[in-house]
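Here's my_file34.cif, which has mmCIF, C-alpha atoms:
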```cif
data_work
#
loop_
_atom_site.label_atom_id
_atom_site.label_comp_id
_atom_site.auth_asym_id
_atom_site.auth_seq_id
_atom_site.Cartn_x
_atom_site.Cartn_y
_atom_site.Cartn_z
CA MET A 1 17.90 44.80 26.86
CA GLY A 2 20.15 43.75 23.89
CA ARG A 3 23.89 43.14 24.26
CA PRO A 4 24.92 46.47 22.60
CA LEU A 5 22.60 48.42 24.93
CA LYS A 6 23.86 46.52 27.98
CA ALA A 7 27.44 47.29 26.97
CA LEU A 8 26.58 50.97 26.51
CA PHE A 9 24.83 51.05 29.91
CA ARG A 10 27.88 49.63 31.67
CA ILE A 11 30.17 52.10 29.88
CA LEU A 12 27.98 54.97 31.09
CA ILE A 13 28.05 53.65 34.67
CA LEU A 14 31.84 53.29 34.51
CA ALA A 15 32.11 56.85 33.26
CA ALA A 16 29.96 58.06 36.17
CA VAL A 17 32.22 56.28 38.66
CA ILE A 18 35.36 57.72 37.04
CA LEU A 19 33.84 61.21 37.22
CA THR A 20 32.99 60.65 40.88
CA ILE A 21 36.58 59.65 41.68
CA TRP A 22 37.78 62.74 39.77
CA PHE A 23 35.30 64.81 41.82
CA TYR A 24 36.96 63.77 45.08
CA THR A 25 40.48 64.04 43.68
CA GLY A 26 39.63 67.64 42.85
CA ILE A 27 38.52 68.22 46.44
CA MET A 28 41.82 66.97 47.82
CA ASP A 29 43.85 69.04 45.37
CA LYS A 30 42.02 72.29 46.07
CA SER A 31 41.21 74.34 49.14
CA GLN A 32 39.40 72.48 51.90
CA ASP A 33 37.06 75.47 52.12
CA LYS A 34 35.55 74.95 48.68
CA VAL A 35 31.77 74.62 48.93
CA LEU A 36 30.50 72.01 46.47
CA ILE A 37 26.90 71.86 47.65
CA LYS A 38 24.88 74.96 48.41
CA GLU A 39 23.65 75.10 51.97
CA ASP A 40 20.02 75.50 50.98
CA HIS A 41 20.21 71.95 49.67
CA LEU A 42 20.36 70.76 53.27
CA ALA A 43 16.58 71.14 53.51
CA GLU A 44 16.09 67.92 51.62
CA MET A 45 12.69 66.39 50.99
CA ASP A 46 11.99 62.66 50.91
CA GLN A 47 11.10 61.68 47.38
CA SER A 48 8.98 58.75 46.28
CA THR A 49 6.91 58.16 43.16
CA VAL A 50 4.42 55.45 42.33
CA ASN A 51 5.59 54.26 38.93
CA HIS A 52 6.52 50.90 37.49
CA PRO A 53 10.27 50.30 37.26
CA ASP A 54 11.69 49.43 33.88
CA ASP A 55 11.75 45.64 33.73
CA ASN A 56 14.75 45.82 31.37
CA THR A 57 17.05 47.46 33.92
CA SER A 58 20.45 45.80 33.87
CA SER A 59 21.20 43.81 37.03
CA LYS A 60 24.41 44.60 38.84
CA PRO A 61 26.73 42.13 40.53
CA VAL A 62 26.19 41.70 44.27
CA SER A 63 29.21 41.29 46.54
CA GLU A 64 29.16 38.75 49.32
CA ARG A 65 28.17 39.72 52.81
CA PRO A 66 31.24 40.49 55.00
CA LYS A 67 32.54 37.63 57.14
CA GLN A 68 33.64 39.97 59.94
CA GLY A 69 32.74 43.29 61.50
CA VAL A 70 29.64 44.86 63.02
CA SER A 71 27.51 44.16 59.94
CA LEU A 72 27.32 40.55 61.13
CA LEU A 73 24.86 41.81 63.74
CA ILE A 74 22.18 42.44 61.09
CA GLY A 75 19.53 39.76 61.57
CA LYS A 76 20.87 38.66 64.98
CA ASP A 77 18.68 38.32 68.07
CA LEU A 78 18.85 41.01 70.74
CA SER A 79 20.30 38.48 73.18
CA GLU A 80 23.27 37.93 70.87
CA VAL A 81 23.82 41.69 70.57
CA GLU A 82 23.87 42.20 74.32
CA LYS A 83 26.13 39.19 74.75
CA GLU A 84 28.64 40.75 72.36
CA LEU A 85 28.23 44.46 73.13
CA GLY A 86 26.74 44.47 76.61
CA ALA A 87 23.74 46.50 77.73
CA PRO A 88 23.23 49.79 75.85
CA GLN A 89 23.71 53.11 77.59
CA ARG A 90 20.34 54.27 76.28
CA ILE A 91 17.40 53.08 74.17
CA ASP A 92 15.84 55.63 71.80
CA GLU A 93 12.58 55.42 69.88
CA THR A 94 12.42 56.00 66.12
CA MET A 95 9.74 56.77 63.54
CA TYR A 96 10.50 53.56 61.61
CA GLY A 97 9.30 50.87 64.00
CA TYR A 98 12.64 49.96 65.56
CA GLN A 99 14.48 51.18 68.64
CA TRP A 100 18.04 52.49 68.66
CA TYR A 101 20.25 50.78 71.22
CA ILE A 102 22.90 53.43 71.88
CA TYR A 103 26.52 52.57 72.72
CA ASN A 104 28.22 55.86 73.57
CA LEU A 105 30.70 55.21 76.40
CA ASP A 106 33.63 55.54 73.99
CA TYR A 107 33.32 58.11 71.21
CA LYS A 108 35.79 56.11 69.10
CA ARG A 109 33.47 53.10 69.30
CA TYR A 110 30.17 54.99 69.04
CA MET A 111 27.41 52.89 67.48
CA GLN A 112 23.62 52.73 67.24
CA VAL A 113 21.99 49.33 66.79
CA GLY A 114 18.40 49.25 65.50
CA ILE A 115 16.20 46.53 67.04
CA ALA A 116 12.73 45.56 65.76
CA ASN A 117 10.83 42.44 66.83
CA ASN A 118 13.86 41.39 68.88
CA LYS A 119 16.20 41.39 65.84
CA VAL A 120 18.79 43.79 64.42
CA VAL A 121 17.44 45.49 61.30
CA THR A 122 19.90 48.38 60.96
CA LEU A 123 23.10 49.75 62.47
CA TYR A 124 24.80 53.14 62.33
CA ALA A 125 28.54 53.16 63.03
CA ILE A 126 30.72 56.27 63.21
CA GLY A 127 33.34 55.41 65.82
CA GLU A 128 36.83 55.33 64.32
CA ASN A 129 37.81 52.11 66.10
CA LEU A 130 34.82 50.03 64.96
CA ASP A 131 35.22 47.20 62.45
CA VAL A 132 32.88 48.19 59.60
CA ALA A 133 34.33 45.69 57.11
CA PRO A 134 34.72 45.72 54.19
CA PHE A 135 35.11 49.46 54.81
CA GLU A 136 37.05 51.56 57.32
CA ILE A 137 36.06 54.84 58.93
CA GLY A 138 38.46 57.36 57.38
CA GLN A 139 38.96 55.25 54.24
CA SER A 140 39.58 57.30 51.10
CA VAL A 141 36.76 57.63 48.59
CA GLU A 142 39.15 56.63 45.79
CA GLU A 143 39.73 53.27 47.45
CA ILE A 144 36.01 52.76 48.02
CA PHE A 145 35.14 53.40 44.39
CA ASN A 146 38.03 51.26 43.20
CA THR A 147 36.98 48.25 45.27
CA GLN A 148 33.15 48.43 45.27
CA TYR A 149 30.53 48.32 42.54
CA ILE A 150 28.56 51.51 43.03
CA ASP A 151 25.59 52.10 40.76
CA THR A 152 23.19 54.99 40.20
CA ASN A 153 20.28 52.57 40.66
CA LEU A 154 19.61 49.96 43.33
CA ASN A 155 17.00 47.29 42.59
CA ILE A 156 15.29 45.26 45.31
CA GLU A 157 12.73 42.47 45.00
CA LEU A 158 10.92 41.72 48.25
CA ASN A 159 7.76 39.67 48.87
CA GLY A 160 6.72 39.87 45.23
CA ASN A 161 7.22 43.63 45.03
CA THR A 162 9.87 45.50 43.06
CA TYR A 163 11.64 48.64 44.27
CA ARG A 164 14.24 50.80 42.54
CA PHE A 165 16.17 53.53 44.32
CA GLU A 166 17.55 56.15 41.94
CA LEU A 167 20.58 58.12 43.16
CA ASN A 168 21.23 61.62 41.89
CA ASP A 169 24.72 63.14 41.61
CA THR A 170 24.70 64.38 45.22
CA ASP A 171 23.63 60.96 46.48
CA LEU A 172 26.34 59.23 44.46
CA ASN A 173 29.06 61.55 45.71
CA LEU A 174 28.05 61.98 49.36
CA ARG A 175 25.93 58.98 50.38
CA PRO A 176 26.23 56.14 47.88
CA ILE A 177 24.80 52.72 48.70
CA VAL A 178 26.29 49.26 48.22
CA GLN A 179 24.63 45.85 48.38
CA LEU A 180 26.61 43.14 50.18
CA GLY A 181 24.62 39.93 50.08
CA ASN A 182 21.30 40.63 51.81
CA VAL A 183 22.66 43.71 53.60
CA TYR A 184 22.59 47.26 52.22
CA VAL A 185 25.33 49.71 53.19
CA GLN A 186 24.81 53.46 53.04
CA LEU A 187 28.17 55.24 53.02
CA TYR A 188 28.46 58.76 54.41
CA ILE A 189 31.32 60.58 52.69
CA ASP A 190 33.06 63.63 54.18
CA LYS A 191 33.59 65.71 51.05
CA PHE A 192 36.09 68.03 52.74
CA THR A 193 38.50 65.19 53.50
CA GLY A 194 37.44 62.82 50.72
CA SER A 195 37.02 60.04 53.28
CA LEU A 196 34.39 57.81 54.88
CA SER A 197 32.70 59.52 57.82
CA GLY A 198 30.13 56.93 58.89
CA VAL A 199 28.35 53.77 57.75
CA ARG A 200 24.73 52.63 57.99
CA PHE A 201 23.89 48.94 57.50
CA LEU A 202 20.24 48.03 56.79
CA ASP A 203 18.09 45.10 55.81
CA ALA A 204 15.84 45.52 52.75
CA GLU A 205 12.61 46.26 54.60
CA THR A 206 14.15 48.99 56.76
CA LEU A 207 15.79 50.62 53.75
CA ILE A 208 12.46 50.75 51.92
CA LYS A 209 10.71 52.22 54.97
CA GLN A 210 13.30 55.00 55.26
CA ARG A 211 13.44 55.85 51.53
CA PRO A 212 16.69 57.87 51.66
CA TYR A 213 16.72 58.19 47.85
CA GLU A 214 14.12 58.71 45.15
CA LEU A 215 12.06 55.54 44.92
CA VAL A 216 10.17 53.95 42.06
CA TYR A 217 8.22 50.81 42.90
CA SER A 218 5.79 48.22 41.59
CA GLY A 219 3.43 46.49 44.02
CA ASP A 220 2.96 47.44 47.67
CA LEU A 221 5.03 50.15 49.33
CA ILE A 222 6.35 49.17 52.76
CA GLU A 223 5.71 52.06 55.12
CA ALA A 224 6.35 52.57 58.81
CA GLN A 225 3.30 53.21 60.97
CA ALA A 226 2.80 56.91 61.64
CA PRO A 227 3.83 57.75 65.23
CA SER A 228 1.30 59.03 67.73
CA GLU A 229 1.84 62.46 69.27
CA GLU A 230 3.11 60.79 72.44
CA SER A 231 5.50 58.64 70.42
CA TRP A 232 6.77 61.70 68.56
CA GLN A 233 7.87 63.24 71.84
CA GLU A 234 9.93 60.16 72.68
CA ILE A 235 11.37 60.06 69.14
CA GLU A 236 12.36 63.72 69.33
CA ILE A 237 14.10 63.32 72.70
CA GLY A 238 16.10 60.37 71.36
CA ALA A 239 17.10 62.22 68.17
CA GLU A 240 18.26 65.21 70.24
CA GLN A 241 20.57 63.02 72.30
CA GLU A 242 21.89 61.21 69.21
CA ILE A 243 22.73 64.51 67.53
CA PHE A 244 24.51 65.64 70.69
CA ASP A 245 26.50 62.39 70.91
CA ILE A 246 27.48 62.32 67.23
CA THR A 247 28.50 65.98 67.34
CA ASN A 248 30.98 65.12 70.08
CA VAL A 249 32.17 62.03 68.17
CA LEU A 250 33.10 64.33 65.30
CA ARG A 251 34.60 67.04 67.49
CA VAL A 252 36.88 64.47 69.15
CA ARG A 253 37.78 63.05 65.72
CA TYR A 254 38.91 66.48 64.58
CA ASN A 255 40.74 67.26 67.83
CA VAL A 256 38.16 69.69 69.17
CA LYS A 257 37.02 69.59 72.80
CA PRO A 258 33.55 68.04 73.29
CA VAL A 259 30.67 70.32 74.19
CA LYS A 260 28.45 69.94 77.26
CA TRP A 261 24.67 69.77 77.20
CA ASP A 262 22.79 72.95 78.14
CA GLU A 263 19.11 72.42 78.95
CA THR A 264 17.93 76.01 78.55
CA THR A 265 19.66 76.33 75.18
CA ALA A 266 18.07 73.03 74.15
CA ALA A 267 14.64 74.48 74.95
CA VAL A 268 15.45 77.46 72.71
CA ALA A 269 16.50 75.08 69.92
CA TYR A 270 13.33 73.01 70.31
CA GLY A 271 11.20 76.13 70.11
CA HIS A 272 12.87 77.10 66.84
CA SER A 273 12.35 73.65 65.29
CA GLN A 274 8.69 73.72 66.29
CA ASP A 275 8.30 77.24 64.94
CA MET A 276 9.83 76.26 61.58
CA ALA A 277 7.64 73.15 61.32
CA GLU A 278 4.38 74.82 62.25
CA ASN A 279 4.95 77.87 60.03
CA ASN A 280 6.69 76.05 57.16
CA ASP A 281 9.50 78.58 57.45
CA PHE A 282 13.01 77.15 57.13
CA SER A 283 15.21 80.01 58.34
CA HIS A 284 17.62 81.05 61.08
CA THR A 285 15.44 84.11 61.73
CA SER A 286 11.91 83.52 62.96
CA LYS A 287 9.22 85.97 61.85
CA LYS A 288 7.77 85.74 65.35
CA PHE A 289 10.75 85.16 67.66
CA GLY A 290 13.61 86.83 65.78
CA SER A 291 17.26 85.84 65.50
CA LEU A 292 19.20 83.29 67.55
CA ASN A 293 20.47 86.10 69.79
CA ASP A 294 16.91 87.33 70.30
CA ARG A 295 15.75 83.86 71.30
CA LEU A 296 18.68 83.19 73.65
CA ASN A 297 18.36 86.58 75.29
CA LYS A 298 14.62 86.11 75.84
CA GLU A 299 15.35 82.93 77.83
CA LYS A 300 18.20 84.68 79.70
CA VAL A 301 20.86 82.25 78.45
CA ASP A 302 24.32 83.28 79.67
CA TYR A 303 26.70 83.18 76.68
CA GLN A 304 29.53 85.05 74.98
CA THR A 305 29.13 83.78 71.40
CA ALA A 306 26.55 81.56 69.74
CA GLY A 307 25.98 79.61 66.52
CA GLU A 308 23.13 77.66 64.99
CA ASN A 309 22.66 74.75 62.57
CA ILE A 310 19.27 73.83 61.17
CA ALA A 311 18.07 71.02 58.92
CA ALA A 312 14.77 69.59 57.72
CA ASN A 313 13.41 66.33 56.34
CA TYR A 314 16.45 64.16 56.89
CA THR A 315 15.93 60.47 57.62
CA ASP A 316 16.87 60.95 61.28
CA GLY A 317 19.34 62.60 63.66
CA PRO A 318 22.49 60.83 62.41
CA ALA A 319 21.68 61.74 58.80
CA SER A 320 21.22 65.40 59.72
CA VAL A 321 24.66 65.59 61.40
CA GLU A 322 26.30 63.91 58.40
CA GLY A 323 24.60 66.57 56.27
CA TRP A 324 25.89 69.43 58.40
CA LEU A 325 29.39 68.00 58.18
CA ASN A 326 29.27 68.43 54.40
CA SER A 327 28.23 72.10 54.41
CA LYS A 328 31.04 74.61 54.94
CA GLY A 329 29.18 77.00 57.26
CA HIS A 330 27.46 74.27 59.26
CA ARG A 331 30.72 72.32 59.55
CA GLU A 332 32.52 75.36 60.93
CA THR A 333 29.82 75.72 63.58
CA LEU A 334 29.86 72.00 64.37
CA LEU A 335 33.64 71.97 64.88
CA ASN A 336 34.11 75.46 66.33
CA LYS A 337 36.67 75.18 69.17
CA ASP A 338 35.25 78.21 71.00
CA PHE A 339 31.87 76.66 71.75
CA THR A 340 31.57 74.99 75.14
CA HIS A 341 27.90 73.98 75.33
CA LEU A 342 25.18 72.71 72.99
CA GLY A 343 21.42 72.46 73.06
CA VAL A 344 19.59 70.38 70.45
CA GLY A 345 15.90 70.67 69.64
CA VAL A 346 14.02 68.29 67.34
CA PHE A 347 10.36 68.69 66.35
CA LYS A 348 9.05 66.06 63.93
CA LYS A 349 11.65 66.17 61.11
CA TYR A 350 13.03 69.64 61.86
CA TYR A 351 16.42 69.77 63.58
CA THR A 352 18.14 72.67 65.36
CA GLN A 353 21.53 72.86 67.06
CA ASN A 354 22.28 75.91 69.21
CA PHE A 355 25.92 76.19 70.25
CA ILE A 356 27.07 78.68 72.86
CA GLN A 357 30.32 79.74 74.47
CA LYS A 358 30.05 80.19 78.21
CA GLY A 359 32.53 82.17 80.28
CA GLU A 360 34.97 80.43 82.57
#
```
Rewrite the coordinates I just gave you, this time as structure tokens.
Amino acid sequence: MGRPLKALFRILILAAVILTIWFYTGIMDKSQDKVLIKEDHLAEMDQSTVNHPDDNTSSKPVSERPKQGVSLLIGKDLSEVEKELGAPQRIDETMYGYQWYIYNLDYKRYMQVGIANNKVVTLYAIGENLDVAPFEIGQSVEEIFNTQYIDTNLNIELNGNTYRFELNDTDLNLRPIVQLGNVYVQLYIDKFTGSLSGVRFLDAETLIKQRPYELVYSGDLIEAQAPSEESWQEIEIGAEQEIFDITNVLRVRYNVKPVKWDETTAAVAYGHSQDMAENNDFSHTSKKFGSLNDRLNKEKVDYQTAGENIAANYTDGPASVEGWLNSKGHRETLLNKDFTHLGVGVFKKYYTQNFIQKGE
């Protein structure tokens, strides 16, 4: 790429960043109820194409890896993690070849550490009191875009293969990604507050396996081994508990009382996720089992009011909750102060939350 074209490319990227900052400034200046992304966009599909990346793509500067904070755990042995954090409260299976070590005793320090082959390959942090340097939970998006180089493309070379993630406008505004040394940082932005909701740190191989953005690659595509049916059941149970935990992390953050788990309601939610998956029907109303009220009543669930969130084809449980947080209707359900109990049902990559209010 010649110097004039490189200069033009950088000007275009700068303009995109300026527009993104303006986007969030507009959110803060206007009503918090403004819906910027239609709710049907929550049924996102993983996208990947087998094409050769443009070899002339301009390379972006890479910031150094942080010298403090939880990101230092990436690449560490499990023994070092348990020495620093202690034993996890739970270990969940995933579809990507690692296990989530769950630390949920304190919602303000909630964290999931991904372990594969005895090493940390990823980490999801949403607790307000965690050190996620060089970022902070609650940090304004203006500050993030003013201090980090955020591009619409992310290029990775690994084991002789070339990968390019291409971010669309929604990705750039709600879940941009930053490279810090050999660690990749996916930032979850709360569009209603214009602030950082959660952070996911990953190594290159795990990022490529998850493919959270459109991917163009040259060479071999790194893919996680498809889970067996038995493994899927374990993965689903773990995702259900993660969604429950993260929901309460967010409710506490926004000064709403945590909900309690309700097993019968969870069974109703699981049935709806399975029904949507098997019939390829993404809807709150099942053609076979009816509305949420119909399904709860059939199982004789005792409730006064009820609400439901659904999602499909997200990377995992944490990603689905971050998605609900950025949709006006789903957010209102997630943070509704009247709800007292929650049941979560996950079937493959379909996610359902059923909230209910029980009488005193």
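Within 10 Å of Ala125 of chain A, once only C-alpha atoms are used and residues closer than 6 positions along the same chain are dropped, the contacting residues are Val70, Ser71, Tyr103, Lys108, Arg109, Tyr110, Met111, Gln112, Val113, Asp131, Val132, Ile137, Ser197, Gly198, Val199, Arg200, Phe201 and Pro318 of chain A.
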- Once the PyMOL selection byres ((chain A and resi 75-86) around 12) has been applied to the shown file, what residues remain in the selection, as JSON, numbers by chain? {"A": [69, 70, 71, 72, 73, 74, 87, 88, 89, 90, 99, 100, 101, 102, 103, 104, 105, 109, 110, 111, 112, 113, 114, 115, 116, 117, 118, 119, 120, 121, 122, 123, 130, 182, 183, 201, 202, 203, 204, 205, 206]}
- Nearest candidate to Glu93 of chain A (options A:Gly290, A:Gly317, A:Gly323, A:Gly194; using all atoms listed in the file):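 Closest candidate: A:Gly317.
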- Mind telling me what the PyMOL selection byres ((chain A and resi 315) around 9) catches here, as a list in words?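 Written out, the selection comes to Asp46, Gln210, Arg211, Pro212, Asn313, Tyr314, Asp316, Gly317, Pro318, Ala319, Ser320 and Lys349 of chain A.
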- Would you list the contacts of Leu167 of chain A as an MDAnalysis selection string, taking every protein, DNA or RNA residue within 8 Å and counting all atoms listed in the file, but skipping same-chain residues closer than 2 positions in sequence? chainID A and resid 152:153 165 169:172 176 213:214
Create the file for the chosen residues now, containing C-alpha atoms and written as an mmCIF file, keeping the file's coordinate frame.
```cif
data_model
loop_
_atom_site.group_PDB
_atom_site.id
_atom_site.type_symbol
_atom_site.label_atom_id
_atom_site.label_comp_id
_atom_site.auth_asym_id
_atom_site.auth_seq_id
_atom_site.Cartn_x
_atom_site.Cartn_y
_atom_site.Cartn_z
ATOM 1 C CA THR A 152 23.190 54.990 40.200
ATOM 2 C CA ASN A 153 20.280 52.570 40.660
ATOM 3 C CA PHE A 165 16.170 53.530 44.320
ATOM 4 C CA ASP A 169 24.720 63.140 41.610
ATOM 5 C CA THR A 170 24.700 64.380 45.220
ATOM 6 C CA ASP A 171 23.630 60.960 46.480
ATOM 7 C CA LEU A 172 26.340 59.230 44.460
ATOM 8 C CA PRO A 176 26.230 56.140 47.880
ATOM 9 C CA TYR A 213 16.720 58.190 47.850
ATOM 10 C CA GLU A 214 14.120 58.710 45.150
#
```
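Between Ile237 of chain A and the residues A:Arg331, A:Lys337, A:Lys348, A:Lys358, the shortest atom-to-atom distance, using all atoms listed in the file, involves A:Lys348.
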- Query: Applied to this file, what does the PyMOL selection byres ((chain A and resi 357) around 10) return in terms of residues, put as a VMD selection string?
  - Reply: chain A and resid 259 302 to 307 336 to 342 355 to 356 358 to 360
Same residues, C-alpha atoms, saved as a compact mmCIF listing (two decimals), in the frame of the given file:
```txt
# COMPACT_ATOMS: atom_id res chain seq x y z
CA VAL A 259 30.67 70.32 74.19
CA ASP A 302 24.32 83.28 79.67
CA TYR A 303 26.70 83.18 76.68
CA GLN A 304 29.53 85.05 74.98
CA THR A 305 29.13 83.78 71.40
CA ALA A 306 26.55 81.56 69.74
CA GLY A 307 25.98 79.61 66.52
CA ASN A 336 34.11 75.46 66.33
CA LYS A 337 36.67 75.18 69.17
CA ASP A 338 35.25 78.21 71.00
CA PHE A 339 31.87 76.66 71.75
CA THR A 340 31.57 74.99 75.14
CA HIS A 341 27.90 73.98 75.33
CA LEU A 342 25.18 72.71 72.99
CA PHE A 355 25.92 76.19 70.25
CA ILE A 356 27.07 78.68 72.86
CA LYS A 358 30.05 80.19 78.21
CA GLY A 359 32.53 82.17 80.28
CA GLU A 360 34.97 80.43 82.57
```
- Could you work out how far atom CA of Leu187 of chain A lies from atom CA of Phe347 of chain A, giving the answer in Å with one decimal?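 Computed distance, atom CA of Phe347 of chain A to atom CA of Leu187 of chain A, equals 26.0 Å.
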- To one decimal place, how far is atom CA of Val268 of chain A from atom CA of Leu296 of chain A in Å?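 So the two atoms, atom CA of Val268 of chain A and atom CA of Leu296 of chain A, lie 6.6 Å apart.
All residues of protein, DNA or RNA that reach within 7 Å of Val301 of chain A, judged by only C-alpha atoms and not counting those fewer than 4 positions away in the chain, are Thr264, Thr265, Leu296 and Asn297 of chain A.
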- Task: Between atom CA of Leu207 of chain A and atom CA of Tyr163 of chain A, measure the distance and give it in Å to one decimal.
- Result: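 Atom CA of Tyr163 of chain A lies 10.5 Å from atom CA of Leu207 of chain A.
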With 3 Å of padding per side, what axis-aligned box (centre and edge lengths, Å, one decimal) covers all the listed atoms of segment 356-359 of chain A? Give it as AutoDock Vina command-line options.
```
--center_x 29.8 --center_y 80.4 --center_z 76.6 --size_x 11.5 --size_y 9.5 --size_z 13.4
```
- Among the residues A:Gly138, A:Pro227, A:Gly238, A:Gly219, the one that comes closest to Asp190 of chain A [using all atoms listed in the file]: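 Counting all atoms listed in the file, the residue closest to Asp190 of chain A is A:Gly138.
Among the candidates A:Ile208, A:Ala224, A:Ile310, A:Ala133, the one nearest to Tyr98 of chain A when counting all atoms listed in the file is A:Ala224.
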- Point out the residue among A:Ile189, A:Tyr350, A:Glu234, A:Leu325 with the least atom-to-atom distance to Ala269 of chain A, counting only C-alpha atoms.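 Looking at the shortest contact to Ala269 of chain A, the residue is A:Tyr350.
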- With distances taken over all atoms listed in the file, which of A:Trp324, A:Trp261, A:Tyr351, A:Tyr149 is nearest to Gln274 of chain A?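 The closest residue to Gln274 of chain A is A:Tyr351.
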